[in-house]
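Engineer: One file: structure.csv (CSV, C-alpha atoms).
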```csv
chain,number,residue,atom,x,y,z
A,1,MET,CA,-166.2,30.9,15.3
A,2,THR,CA,-168.8,33.0,17.0
A,3,THR,CA,-169.5,32.3,20.7
A,4,ALA,CA,-172.7,34.4,21.0
A,5,PHE,CA,-175.4,32.8,23.0
A,6,THR,CA,-178.4,34.2,24.8
A,7,SER,CA,-177.9,32.6,28.2
A,8,LEU,CA,-176.1,29.8,30.1
A,9,ALA,CA,-178.9,27.4,29.1
A,10,ASP,CA,-178.5,28.4,25.5
A,11,ALA,CA,-174.7,28.0,25.7
A,12,ALA,CA,-175.1,24.5,27.3
A,13,ALA,CA,-177.4,23.4,24.4
A,14,ARG,CA,-174.9,24.7,21.9
A,15,ILE,CA,-171.9,22.9,23.6
A,16,VAL,CA,-173.8,19.6,23.5
A,17,ALA,CA,-174.9,20.0,19.9
A,18,THR,CA,-171.6,21.0,18.5
A,19,ALA,CA,-169.8,18.3,16.6
A,20,ASP,CA,-166.5,20.1,16.1
A,21,LEU,CA,-164.6,19.2,19.2
A,22,ASP,CA,-162.2,22.2,19.2
A,23,GLU,CA,-165.3,24.4,19.0
A,24,LYS,CA,-167.1,22.4,21.7
A,25,VAL,CA,-164.2,23.1,24.1
A,26,GLU,CA,-164.0,26.7,23.0
A,27,ILE,CA,-167.7,27.4,23.7
A,28,ALA,CA,-167.4,25.6,27.1
A,29,PHE,CA,-164.6,28.0,28.1
A,30,ALA,CA,-166.4,31.0,26.8
A,31,ALA,CA,-169.7,30.0,28.6
A,32,ALA,CA,-167.9,29.5,31.9
A,33,LYS,CA,-166.1,32.9,31.5
A,34,GLY,CA,-169.4,34.6,30.7
A,35,TRP,CA,-171.2,33.0,33.6
A,36,PHE,CA,-168.5,33.6,36.3
A,37,GLY,CA,-168.1,37.1,34.9
A,38,ARG,CA,-171.8,37.7,35.6
A,39,ARG,CA,-172.4,38.5,31.9
A,40,LEU,CA,-174.8,35.6,31.3
A,41,SER,CA,-178.3,35.0,32.6
A,42,LEU,CA,-179.3,31.5,33.5
A,43,ARG,CA,-182.1,31.4,30.9
A,44,GLY,CA,-183.2,33.5,28.0
A,45,ALA,CA,-186.3,33.9,25.8
A,46,GLU,CA,-184.6,32.4,22.7
A,47,ASP,CA,-182.8,29.5,24.3
A,48,ARG,CA,-182.1,26.5,22.0
A,49,PRO,CA,-183.7,23.2,23.1
A,50,MET,CA,-181.3,20.6,24.5
A,51,PRO,CA,-180.4,18.1,21.8
A,52,ALA,CA,-181.3,14.4,22.2
A,53,ARG,CA,-177.8,13.4,21.5
A,54,PRO,CA,-174.4,15.1,21.5
A,55,GLY,CA,-172.8,16.4,18.4
A,56,ARG,CA,-169.9,14.2,17.3
A,57,PRO,CA,-167.3,14.1,14.5
A,58,GLU,CA,-167.4,11.2,12.0
A,59,ARG,CA,-164.7,9.5,14.1
A,60,PRO,CA,-164.3,7.6,16.3
A,61,LEU,CA,-166.4,4.7,15.2
A,62,LEU,CA,-168.8,3.6,18.0
A,63,VAL,CA,-168.7,-0.1,18.6
A,64,PRO,CA,-169.7,-2.5,21.4
A,65,PRO,CA,-167.3,-2.5,24.4
A,66,ARG,CA,-166.2,-6.0,23.6
A,67,ASP,CA,-164.8,-4.8,20.3
A,68,LEU,CA,-162.5,-2.1,21.7
A,69,PRO,CA,-158.7,-2.5,21.5
A,70,LYS,CA,-156.8,-3.7,24.6
A,71,ARG,CA,-155.7,-0.8,26.8
A,72,SER,CA,-152.4,-1.1,28.7
A,73,ALA,CA,-149.6,1.2,29.9
A,74,ALA,CA,-147.0,-1.5,29.1
A,75,SER,CA,-146.8,-1.0,25.3
A,76,PRO,CA,-146.9,2.1,23.0
A,77,GLN,CA,-150.0,0.8,21.3
A,78,GLY,CA,-151.7,-0.1,24.5
A,79,ARG,CA,-150.9,3.3,26.0
A,80,VAL,CA,-152.4,5.0,23.0
A,81,ALA,CA,-155.5,2.9,23.4
A,82,LEU,CA,-155.6,3.8,27.2
A,83,ILE,CA,-155.3,7.5,26.6
A,84,HIS,CA,-157.8,7.4,23.7
A,85,SER,CA,-160.3,5.7,26.0
A,86,LEU,CA,-159.8,8.2,28.7
A,87,ALA,CA,-160.2,11.1,26.2
A,88,HIS,CA,-163.5,9.6,25.1
A,89,ILE,CA,-164.7,9.3,28.7
A,90,GLU,CA,-163.8,13.0,29.3
A,91,LEU,CA,-165.5,14.1,26.1
A,92,ASN,CA,-168.7,12.3,27.3
A,93,ALA,CA,-168.2,14.1,30.6
A,94,VAL,CA,-168.2,17.4,28.8
A,95,ASP,CA,-171.5,16.7,27.1
A,96,LEU,CA,-173.1,15.1,30.2
A,97,THR,CA,-172.2,18.0,32.5
A,98,TRP,CA,-173.4,20.7,30.1
A,99,ASP,CA,-176.5,18.7,29.4
A,100,LEU,CA,-177.2,18.7,33.2
A,101,VAL,CA,-176.7,22.5,33.3
A,102,GLY,CA,-179.0,23.2,30.3
A,103,ARG,CA,-181.6,20.5,30.8
A,104,PHE,CA,-182.3,21.4,34.4
A,105,ALA,CA,-181.9,25.2,34.1
A,106,ARG,CA,-185.6,25.6,34.9
A,107,VAL,CA,-185.4,23.6,38.2
A,108,PRO,CA,-185.5,26.1,41.1
A,109,MET,CA,-182.0,25.8,42.5
A,110,PRO,CA,-179.5,28.2,44.2
A,111,ARG,CA,-177.2,30.0,41.9
A,112,SER,CA,-174.3,28.2,43.6
A,113,PHE,CA,-175.6,24.9,42.1
A,114,PHE,CA,-175.0,26.3,38.6
A,115,ASP,CA,-171.7,27.8,39.7
A,116,ASN,CA,-170.6,24.3,40.7
A,117,TRP,CA,-171.6,22.5,37.5
A,118,VAL,CA,-170.3,25.2,35.2
A,119,GLN,CA,-167.0,24.7,37.0
A,120,VAL,CA,-167.3,21.0,36.4
A,121,GLY,CA,-168.1,21.5,32.7
A,122,LEU,CA,-165.1,23.8,32.3
A,123,GLU,CA,-162.8,21.2,33.9
A,124,GLU,CA,-164.1,18.4,31.8
A,125,ALA,CA,-163.4,20.4,28.7
A,126,LYS,CA,-159.9,21.0,30.1
A,127,HIS,CA,-159.4,17.3,30.7
A,128,PHE,CA,-160.4,16.3,27.2
A,129,SER,CA,-158.1,18.9,25.7
A,130,LEU,CA,-155.1,17.7,27.8
A,131,LEU,CA,-155.7,14.1,26.8
A,132,ALA,CA,-156.3,14.9,23.2
A,133,ASP,CA,-153.0,16.9,23.1
A,134,HIS,CA,-151.2,14.0,24.8
A,135,LEU,CA,-152.4,11.6,22.1
A,136,THR,CA,-150.6,13.8,19.5
A,137,VAL,CA,-147.4,13.5,21.6
A,138,LEU,CA,-147.9,9.7,21.4
A,139,GLY,CA,-148.2,9.9,17.6
A,140,ALA,CA,-152.0,9.5,17.5
A,141,ALA,CA,-155.2,11.6,17.5
A,142,TYR,CA,-158.6,11.3,19.1
A,143,GLY,CA,-160.8,9.4,16.6
A,144,ASP,CA,-158.0,7.0,15.5
A,145,LEU,CA,-159.5,4.2,17.5
A,146,PRO,CA,-163.1,3.0,18.0
A,147,ALA,CA,-165.0,3.9,21.2
A,148,HIS,CA,-168.4,3.0,22.7
A,149,ASP,CA,-171.5,4.9,23.6
A,150,GLY,CA,-172.1,3.5,27.1
A,151,LEU,CA,-171.7,6.6,29.1
A,152,TRP,CA,-174.3,8.6,27.3
A,153,GLN,CA,-176.7,5.7,27.3
A,154,ALA,CA,-176.2,5.4,31.1
A,155,THR,CA,-177.8,8.8,31.6
A,156,GLN,CA,-180.6,8.6,28.9
A,157,GLU,CA,-183.3,7.7,31.5
A,158,THR,CA,-182.5,10.6,33.8
A,159,GLY,CA,-183.3,13.6,31.6
A,160,HIS,CA,-186.6,14.2,33.5
A,161,ASP,CA,-185.2,13.9,37.1
A,162,LEU,CA,-182.4,16.0,38.5
A,163,MET,CA,-181.9,13.8,41.5
A,164,ALA,CA,-181.6,10.7,39.3
A,165,ARG,CA,-179.1,12.5,37.1
A,166,LEU,CA,-177.0,13.4,40.1
A,167,ALA,CA,-177.1,9.8,41.4
A,168,ILE,CA,-175.8,8.4,38.1
A,169,LEU,CA,-173.5,11.0,36.7
A,170,PRO,CA,-171.3,12.2,39.6
A,171,LEU,CA,-172.1,9.5,42.2
A,172,VAL,CA,-171.7,6.4,40.0
A,173,LEU,CA,-169.8,7.4,36.9
A,174,GLU,CA,-167.4,10.0,38.3
A,175,ALA,CA,-167.0,8.1,41.6
A,176,ARG,CA,-165.8,5.2,39.5
A,177,GLY,CA,-163.0,7.4,38.3
A,178,LEU,CA,-161.8,7.8,41.9
A,179,ASP,CA,-161.4,4.0,42.1
A,180,VAL,CA,-159.5,3.4,38.8
A,181,THR,CA,-157.4,6.5,38.3
A,182,PRO,CA,-154.8,6.1,41.0
A,183,PRO,CA,-153.6,2.7,39.7
A,184,LEU,CA,-153.4,4.2,36.2
A,185,ILE,CA,-151.3,7.0,37.4
A,186,GLY,CA,-148.8,4.5,38.9
A,187,LYS,CA,-148.8,2.4,35.7
A,188,LEU,CA,-148.1,5.4,33.4
A,189,ALA,CA,-145.4,6.7,35.7
A,190,GLY,CA,-143.8,3.3,35.9
A,191,GLU,CA,-143.7,3.1,32.1
A,192,GLY,CA,-141.9,6.5,31.9
A,193,ASP,CA,-145.0,8.5,30.8
A,194,ALA,CA,-144.6,11.3,33.3
A,195,ALA,CA,-146.7,13.7,31.2
A,196,GLY,CA,-149.6,11.2,31.0
A,197,ALA,CA,-149.4,10.5,34.7
A,198,GLY,CA,-149.4,14.2,35.4
A,199,ILE,CA,-152.6,14.7,33.4
A,200,LEU,CA,-154.3,11.9,35.3
A,201,GLU,CA,-153.2,13.6,38.6
A,202,ILE,CA,-155.1,16.7,37.5
A,203,ILE,CA,-158.2,14.7,36.5
A,204,TYR,CA,-158.1,12.8,39.8
A,205,ARG,CA,-157.8,16.0,41.8
A,206,ASP,CA,-160.7,17.6,40.0
A,207,GLU,CA,-162.9,14.4,40.1
A,208,ARG,CA,-162.8,14.4,43.9
A,209,ARG,CA,-164.4,17.9,43.8
A,210,HIS,CA,-167.0,16.8,41.2
A,211,VAL,CA,-168.1,13.9,43.3
A,212,ALA,CA,-168.3,16.2,46.3
A,213,PHE,CA,-170.5,18.6,44.3
A,214,GLY,CA,-172.7,15.6,43.4
A,215,CYS,CA,-173.0,14.5,47.1
A,216,LYS,CA,-173.7,18.1,48.2
A,217,TRP,CA,-176.6,18.7,45.8
A,218,PHE,CA,-178.0,15.2,46.0
A,219,ARG,CA,-178.3,15.6,49.8
A,220,PHE,CA,-179.8,19.1,49.2
A,221,LEU,CA,-182.5,17.6,47.0
A,222,CYS,CA,-183.1,14.8,49.5
A,223,ASP,CA,-183.5,17.3,52.3
A,224,ARG,CA,-185.9,19.4,50.2
A,225,GLN,CA,-188.1,16.3,49.7
A,226,GLY,CA,-187.7,14.8,53.1
A,227,LEU,CA,-185.9,11.7,51.9
A,228,ALA,CA,-183.0,9.8,53.4
A,229,PRO,CA,-180.0,10.1,51.1
A,230,GLU,CA,-178.5,6.7,51.2
A,231,PRO,CA,-181.6,4.5,50.5
A,232,THR,CA,-182.8,7.1,47.9
A,233,PHE,CA,-179.5,6.9,46.1
A,234,ARG,CA,-179.6,3.1,46.0
A,235,ARG,CA,-183.2,3.0,44.8
A,236,LEU,CA,-182.3,5.4,41.9
A,237,VAL,CA,-179.2,3.5,40.9
A,238,ILE,CA,-181.0,0.2,40.8
A,239,LYS,CA,-183.8,1.8,38.7
A,240,HIS,CA,-181.6,3.8,36.2
A,241,PHE,CA,-178.1,2.3,36.0
A,242,ARG,CA,-177.4,-0.6,33.6
A,243,GLY,CA,-174.4,-2.5,34.7
A,244,PRO,CA,-172.5,-3.7,37.7
A,245,LEU,CA,-170.9,-1.7,40.5
A,246,LYS,CA,-167.8,-3.6,41.4
A,247,PRO,CA,-165.0,-3.3,43.9
A,248,PRO,CA,-162.3,-2.4,44.6
A,249,PHE,CA,-163.5,1.0,45.8
A,250,ASN,CA,-161.4,4.0,46.8
A,251,ASP,CA,-163.3,4.3,50.1
A,252,ALA,CA,-161.0,7.1,51.4
A,253,ALA,CA,-161.5,9.4,48.4
A,254,ARG,CA,-165.2,8.6,48.2
A,255,ALA,CA,-165.6,9.4,51.9
A,256,GLU,CA,-163.6,12.6,51.5
A,257,ALA,CA,-166.1,13.6,48.8
A,258,GLY,CA,-169.1,12.8,51.1
A,259,MET,CA,-169.9,9.2,49.9
A,260,THR,CA,-169.6,6.8,52.8
A,261,PRO,CA,-169.5,3.1,52.0
A,262,SER,CA,-173.1,2.6,53.1
A,263,PHE,CA,-174.2,4.6,50.0
A,264,TYR,CA,-172.7,2.1,47.5
A,265,ARG,CA,-171.4,-1.1,49.0
A,266,PRO,CA,-175.0,-2.6,49.3
A,267,LEU,CA,-175.3,-2.1,45.5
A,268,VAL,CA,-172.6,-4.5,44.7
A,269,ARG,CA,-174.9,-7.5,45.3
A,270,ALA,CA,-178.1,-5.7,44.3
A,271,LEU,CA,-176.8,-4.8,40.8
A,272,ASP,CA,-175.3,-8.2,40.3
A,273,LEU,CA,-178.6,-10.1,40.6
```
Starting from the coordinates I provided, produce the structure as structure tokens.
Structural biologist:
Amino acid sequence: MTTAFTSLADAAARIVATADLDEKVEIAFAAAKGWFGRRLSLRGAEDRPMPARPGRPERPLLVPPRDLPKRSAASPQGRVALIHSLAHIELNAVDLTWDLVGRFARVPMPRSFFDNWVQVGLEEAKHFSLLADHLTVLGAAYGDLPAHDGLWQATQETGHDLMARLAILPLVLEARGLDVTPPLIGKLAGEGDAAGAGILEIIYRDERRHVAFGCKWFRFLCDRQGLAPEPTFRRLVIKHFRGPLKPPFNDAARAEAGMTPSFYRPLVRALDL
């Protein structure tokens, strides 16, 4: 496989477009290495356009969420379904993060903005690889079970608006990971899956930083436009997010990342109407 690309934006487009998942991860690692090694420009004259949809292998079959198998740490089949679901979430996070990098490469932002999101894209690729490898330990493989397309659909409306993309991707979708991951760690550990629990510990640690990056840059854009962050966040979520925002919330981890309850708790009722 060749990893040649003309710029960071070009690499991002290629990552999102690539259907071979091993290659997708490999390009993500190569792009991050090139960017942090100062060997890649942000944009180039021959950049690929960002694809409308991410490249995917033939499997898994995409179905409505109601048709997904039951996920539980309490049985071998349920554990496979749980880890498969988490791997699918992390694969979507790979594409969504690199889509953010490439799609908004022409927005005037400090270089540190792209440093942060390349780091996130690298870590999402690492998370997917860890979970996919763990599936093989459990006697399965990514693609064996159906999955759904909800995460990609949740960001479809935000391709034109960086502030909206930050509101939905790190501050709704990733922040939800802060809520649900600690109980899953406990359940996997309780069922004797120490390796699976360890992987989720890594993901949880990294996700706190991802949400913090989202808060930092969302506030940066609000300051640039003279907007109050909390009501602006709520307005964008009501406009662009399809689905409920339900407790319980990990208020401590969210606050550590810069998201105080006044950001999201008023949305519980607003999104349920």
Engineer: Could you check which of A:Ala194, A:Arg176, A:Ile203, A:Arg242 is closest to Tyr264 in chain A, using all atoms listed in the file?
Structural biologist: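 Among the listed residues, the smallest separation from Tyr264 in chain A belongs to A:Arg176.
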Engineer: Check the smallest atom-to-atom distance from each of A:Glu174, A:Asp133, A:Glu256, A:Asp223 to Leu151 in chain A using all atoms listed in the file, then report the winner.
Structural biologist: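 Between A:Glu174, A:Asp133, A:Glu256, A:Asp223, the residue approaching Leu151 in chain A most closely is A:Glu174.
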Engineer: Which residue, A:Ala73, A:Ala105, A:Leu271, A:Val211, has the smallest gap to Ala189 in chain A when you use all atoms listed in the file?
Structural biologist: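 Looking only at the distances to Ala189 in chain A, the closest residue turns out to be A:Ala73.
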Engineer: Please identify all polymer residues lying at most 10 Å from the point (-160.8, 14.5, 50.7) (file coordinates), using only C-alpha atoms, and present the result as a ChimeraX atom specification.
Structural biologist: /A:205,208-209,212,252-258
Engineer: How many Å separate CA of Leu145 in chain A from CA of Leu21 in chain A?
Structural biologist: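 Interatomic distance here is 15.9 Å.
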Engineer: Out of A:Glu46, A:Glu90, A:Glu191, A:Asp149, which residue has the shortest atom-to-atom distance to Tyr204 in chain A when counting all atoms listed in the file?
Structural biologist: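 For Tyr204 in chain A, the nearest of the candidates is A:Glu90.
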Engineer: Excluding range 39-41 of chain A and any residue of its chain fewer than 2 positions from it, enumerate the residues within 10 Å of it, using only C-alpha atoms, and give them as a JSON list (two decimals) with C-alpha atoms, in the frame of the given file.
Structural biologist:
```json
[["chain", "number", "residue", "atom", "x", "y", "z"],
["A", 5, "PHE", "CA", -175.40, 32.80, 23.00],
["A", 6, "THR", "CA", -178.40, 34.20, 24.80],
["A", 7, "SER", "CA", -177.90, 32.60, 28.20],
["A", 8, "LEU", "CA", -176.10, 29.80, 30.10],
["A", 9, "ALA", "CA", -178.90, 27.40, 29.10],
["A", 10, "ASP", "CA", -178.50, 28.40, 25.50],
["A", 11, "ALA", "CA", -174.70, 28.00, 25.70],
["A", 31, "ALA", "CA", -169.70, 30.00, 28.60],
["A", 32, "ALA", "CA", -167.90, 29.50, 31.90],
["A", 33, "LYS", "CA", -166.10, 32.90, 31.50],
["A", 34, "GLY", "CA", -169.40, 34.60, 30.70],
["A", 35, "TRP", "CA", -171.20, 33.00, 33.60],
["A", 36, "PHE", "CA", -168.50, 33.60, 36.30],
["A", 37, "GLY", "CA", -168.10, 37.10, 34.90],
["A", 43, "ARG", "CA", -182.10, 31.40, 30.90],
["A", 44, "GLY", "CA", -183.20, 33.50, 28.00]]
```
Engineer: For range 70-84 of chain A, I'd like the enclosing box, axis-aligned and padded by 3 Å on every side, reported as AutoDock Vina command-line options with centre and edge lengths in Å to one decimal.
Structural biologist:
```
--center_x -152.3 --center_y 1.9 --center_z 25.6 --size_x 17.0 --size_y 17.2 --size_z 14.6
```
Engineer: Pull the neighbourhood of (-164.8, -0.5, 23.4) for me: all residues within 12 Å in file coordinates, counting only C-alpha atoms, as a compact mmCIF listing (two decimals) with C-alpha atoms, keeping the file's coordinate frame.
Structural biologist:
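Final output, result26.txt:
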```
# COMPACT_ATOMS: atom_id res chain seq x y z
CA PRO A 60 -164.30 7.60 16.30
CA LEU A 61 -166.40 4.70 15.20
CA LEU A 62 -168.80 3.60 18.00
CA VAL A 63 -168.70 -0.10 18.60
CA PRO A 64 -169.70 -2.50 21.40
CA PRO A 65 -167.30 -2.50 24.40
CA ARG A 66 -166.20 -6.00 23.60
CA ASP A 67 -164.80 -4.80 20.30
CA LEU A 68 -162.50 -2.10 21.70
CA PRO A 69 -158.70 -2.50 21.50
CA LYS A 70 -156.80 -3.70 24.60
CA ARG A 71 -155.70 -0.80 26.80
CA ALA A 81 -155.50 2.90 23.40
CA LEU A 82 -155.60 3.80 27.20
CA HIS A 84 -157.80 7.40 23.70
CA SER A 85 -160.30 5.70 26.00
CA LEU A 86 -159.80 8.20 28.70
CA HIS A 88 -163.50 9.60 25.10
CA ILE A 89 -164.70 9.30 28.70
CA LEU A 145 -159.50 4.20 17.50
CA PRO A 146 -163.10 3.00 18.00
CA ALA A 147 -165.00 3.90 21.20
CA HIS A 148 -168.40 3.00 22.70
CA ASP A 149 -171.50 4.90 23.60
CA GLY A 150 -172.10 3.50 27.10
CA LEU A 151 -171.70 6.60 29.10
```
Engineer: Separation of CA of Ser75 in chain A and CA of Ile199 in chain A, in Å?
Structural biologist: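 If I compute the distance from CA of Ser75 in chain A to CA of Ile199 in chain A, I get 18.6 Å.
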Engineer: Separation of CA of Leu171 in chain A and CA of Ile27 in chain A, in Å?
Structural biologist: 26.1 Å
Engineer: Which residues are close to range 166-169 of chain A, i.e. within 8 Å by only C-alpha atoms, leaving aside same-chain residues fewer than 4 positions away? Reply as a list in words.
Structural biologist: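 Listed by chain and then number, they are Leu96, Ala154, Thr155, Leu162, Leu173, Glu174, Gly214, Trp217, Phe218, Phe233, Leu236, Val237, His240 and Phe241 of chain A.
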Engineer: Ranking A:Arg269, A:Arg103, A:Arg235, A:Lys24 by minimum distance to Ser129 in chain A and counting all atoms listed in the file, which one comes first?
Structural biologist: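 Nearest candidate to Ser129 in chain A out of A:Arg269, A:Arg103, A:Arg235, A:Lys24: A:Lys24.
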Engineer: Just checking: using all atoms listed in the file, which residue out of A:Val118, A:Trp98, A:Gln153, A:Asp193 ends up closest to Val137 in chain A?
Structural biologist: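 The closest residue to Val137 in chain A is A:Asp193.
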Engineer: Neighbours of Asp179 in chain A within 9 Å (only C-alpha atoms; same-chain residues fewer than 5 positions away dropped), as an MDAnalysis selection string?
Structural biologist: chainID A and resid 247:251 253:254
Engineer: Can you tell me, as a PyMOL selection string, what residues are no more than 7 Å from Thr97 in chain A when counting all atoms listed in the file, ignoring any on the same chain fewer than 3 positions away?
Structural biologist: chain A and resi 93-94+100-101+117+120-121
Engineer: Give me range 199-208 of chain A from this structure - all heavy atoms, as an mmCIF file, in the first residue's frame.
Structural biologist:
```cif
data_model
loop_
_atom_site.group_PDB
_atom_site.id
_atom_site.type_symbol
_atom_site.label_atom_id
_atom_site.label_comp_id
_atom_site.auth_asym_id
_atom_site.auth_seq_id
_atom_site.Cartn_x
_atom_site.Cartn_y
_atom_site.Cartn_z
ATOM 1 N N ILE A 199 -9.002 -2.074 27.529
ATOM 2 C CA ILE A 199 -9.171 -1.299 26.293
ATOM 3 C C ILE A 199 -10.131 -0.136 26.537
ATOM 4 O O ILE A 199 -9.882 0.992 26.103
ATOM 5 C CB ILE A 199 -9.673 -2.197 25.147
ATOM 6 C CG1 ILE A 199 -8.598 -3.209 24.758
ATOM 7 C CG2 ILE A 199 -10.088 -1.360 23.934
ATOM 8 C CD1 ILE A 199 -9.089 -4.311 23.838
ATOM 9 N N LEU A 200 -11.219 -0.408 27.236
ATOM 10 C CA LEU A 200 -12.178 0.662 27.513
ATOM 11 C C LEU A 200 -11.592 1.714 28.446
ATOM 12 O O LEU A 200 -11.953 2.901 28.356
ATOM 13 C CB LEU A 200 -13.464 0.090 28.092
ATOM 14 C CG LEU A 200 -14.292 -0.799 27.171
ATOM 15 C CD1 LEU A 200 -15.712 -0.944 27.717
ATOM 16 C CD2 LEU A 200 -14.350 -0.259 25.756
ATOM 17 N N GLU A 201 -10.683 1.332 29.327
ATOM 18 C CA GLU A 201 -9.987 2.317 30.157
ATOM 19 C C GLU A 201 -9.185 3.280 29.285
ATOM 20 O O GLU A 201 -9.172 4.498 29.525
ATOM 21 C CB GLU A 201 -9.060 1.619 31.151
ATOM 22 C CG GLU A 201 -9.764 0.862 32.252
ATOM 23 C CD GLU A 201 -10.142 1.754 33.429
ATOM 24 O OE1 GLU A 201 -10.026 2.988 33.307
ATOM 25 O OE2 GLU A 201 -10.568 1.201 34.462
ATOM 26 N N ILE A 202 -8.516 2.737 28.272
ATOM 27 C CA ILE A 202 -7.751 3.577 27.340
ATOM 28 C C ILE A 202 -8.681 4.525 26.595
ATOM 29 O O ILE A 202 -8.423 5.725 26.471
ATOM 30 C CB ILE A 202 -6.969 2.697 26.352
ATOM 31 C CG1 ILE A 202 -5.874 1.918 27.073
ATOM 32 C CG2 ILE A 202 -6.368 3.543 25.215
ATOM 33 C CD1 ILE A 202 -5.222 0.836 26.222
ATOM 34 N N ILE A 203 -9.795 3.974 26.097
ATOM 35 C CA ILE A 203 -10.750 4.796 25.340
ATOM 36 C C ILE A 203 -11.330 5.896 26.228
ATOM 37 O O ILE A 203 -11.433 7.059 25.804
ATOM 38 C CB ILE A 203 -11.855 3.906 24.755
ATOM 39 C CG1 ILE A 203 -11.260 2.985 23.674
ATOM 40 C CG2 ILE A 203 -13.000 4.746 24.181
ATOM 41 C CD1 ILE A 203 -12.229 1.939 23.150
ATOM 42 N N TYR A 204 -11.673 5.550 27.454
ATOM 43 C CA TYR A 204 -12.246 6.536 28.378
ATOM 44 C C TYR A 204 -11.250 7.658 28.665
ATOM 45 O O TYR A 204 -11.613 8.846 28.657
ATOM 46 C CB TYR A 204 -12.664 5.828 29.658
ATOM 47 C CG TYR A 204 -13.280 6.734 30.700
ATOM 48 C CD1 TYR A 204 -14.446 7.437 30.439
ATOM 49 C CD2 TYR A 204 -12.695 6.858 31.958
ATOM 50 C CE1 TYR A 204 -15.021 8.264 31.399
ATOM 51 C CE2 TYR A 204 -13.262 7.671 32.930
ATOM 52 C CZ TYR A 204 -14.418 8.377 32.638
ATOM 53 O OH TYR A 204 -14.977 9.184 33.595
ATOM 54 N N ARG A 205 -10.010 7.300 28.898
ATOM 55 C CA ARG A 205 -8.969 8.313 29.141
ATOM 56 C C ARG A 205 -8.842 9.253 27.954
ATOM 57 O O ARG A 205 -8.795 10.476 28.110
ATOM 58 C CB ARG A 205 -7.640 7.613 29.397
ATOM 59 C CG ARG A 205 -6.449 8.542 29.610
ATOM 60 C CD ARG A 205 -5.154 7.797 29.382
ATOM 61 N NE ARG A 205 -4.998 7.421 27.975
ATOM 62 C CZ ARG A 205 -4.183 6.453 27.543
ATOM 63 N NH1 ARG A 205 -3.497 5.713 28.412
ATOM 64 N NH2 ARG A 205 -4.078 6.204 26.255
ATOM 65 N N ASP A 206 -8.793 8.684 26.759
ATOM 66 C CA ASP A 206 -8.623 9.503 25.560
ATOM 67 C C ASP A 206 -9.858 10.353 25.281
ATOM 68 O O ASP A 206 -9.745 11.504 24.840
ATOM 69 C CB ASP A 206 -8.320 8.619 24.349
ATOM 70 C CG ASP A 206 -6.952 7.947 24.428
ATOM 71 O OD1 ASP A 206 -6.131 8.360 25.271
ATOM 72 O OD2 ASP A 206 -6.712 7.008 23.643
ATOM 73 N N GLU A 207 -11.049 9.790 25.515
ATOM 74 C CA GLU A 207 -12.285 10.528 25.220
ATOM 75 C C GLU A 207 -12.415 11.785 26.077
ATOM 76 O O GLU A 207 -12.961 12.796 25.628
ATOM 77 C CB GLU A 207 -13.510 9.631 25.415
ATOM 78 C CG GLU A 207 -13.768 8.713 24.238
ATOM 79 C CD GLU A 207 -15.009 7.858 24.421
ATOM 80 O OE1 GLU A 207 -15.407 7.655 25.600
ATOM 81 O OE2 GLU A 207 -15.562 7.402 23.415
ATOM 82 N N ARG A 208 -11.917 11.740 27.299
ATOM 83 C CA ARG A 208 -11.963 12.954 28.130
ATOM 84 C C ARG A 208 -11.170 14.075 27.465
ATOM 85 O O ARG A 208 -11.588 15.239 27.494
ATOM 86 C CB ARG A 208 -11.424 12.649 29.529
ATOM 87 C CG ARG A 208 -12.438 11.928 30.409
ATOM 88 C CD ARG A 208 -11.875 11.602 31.772
ATOM 89 N NE ARG A 208 -10.915 10.499 31.690
ATOM 90 C CZ ARG A 208 -10.283 9.995 32.741
ATOM 91 N NH1 ARG A 208 -10.473 10.510 33.939
ATOM 92 N NH2 ARG A 208 -9.446 8.990 32.591
#
```
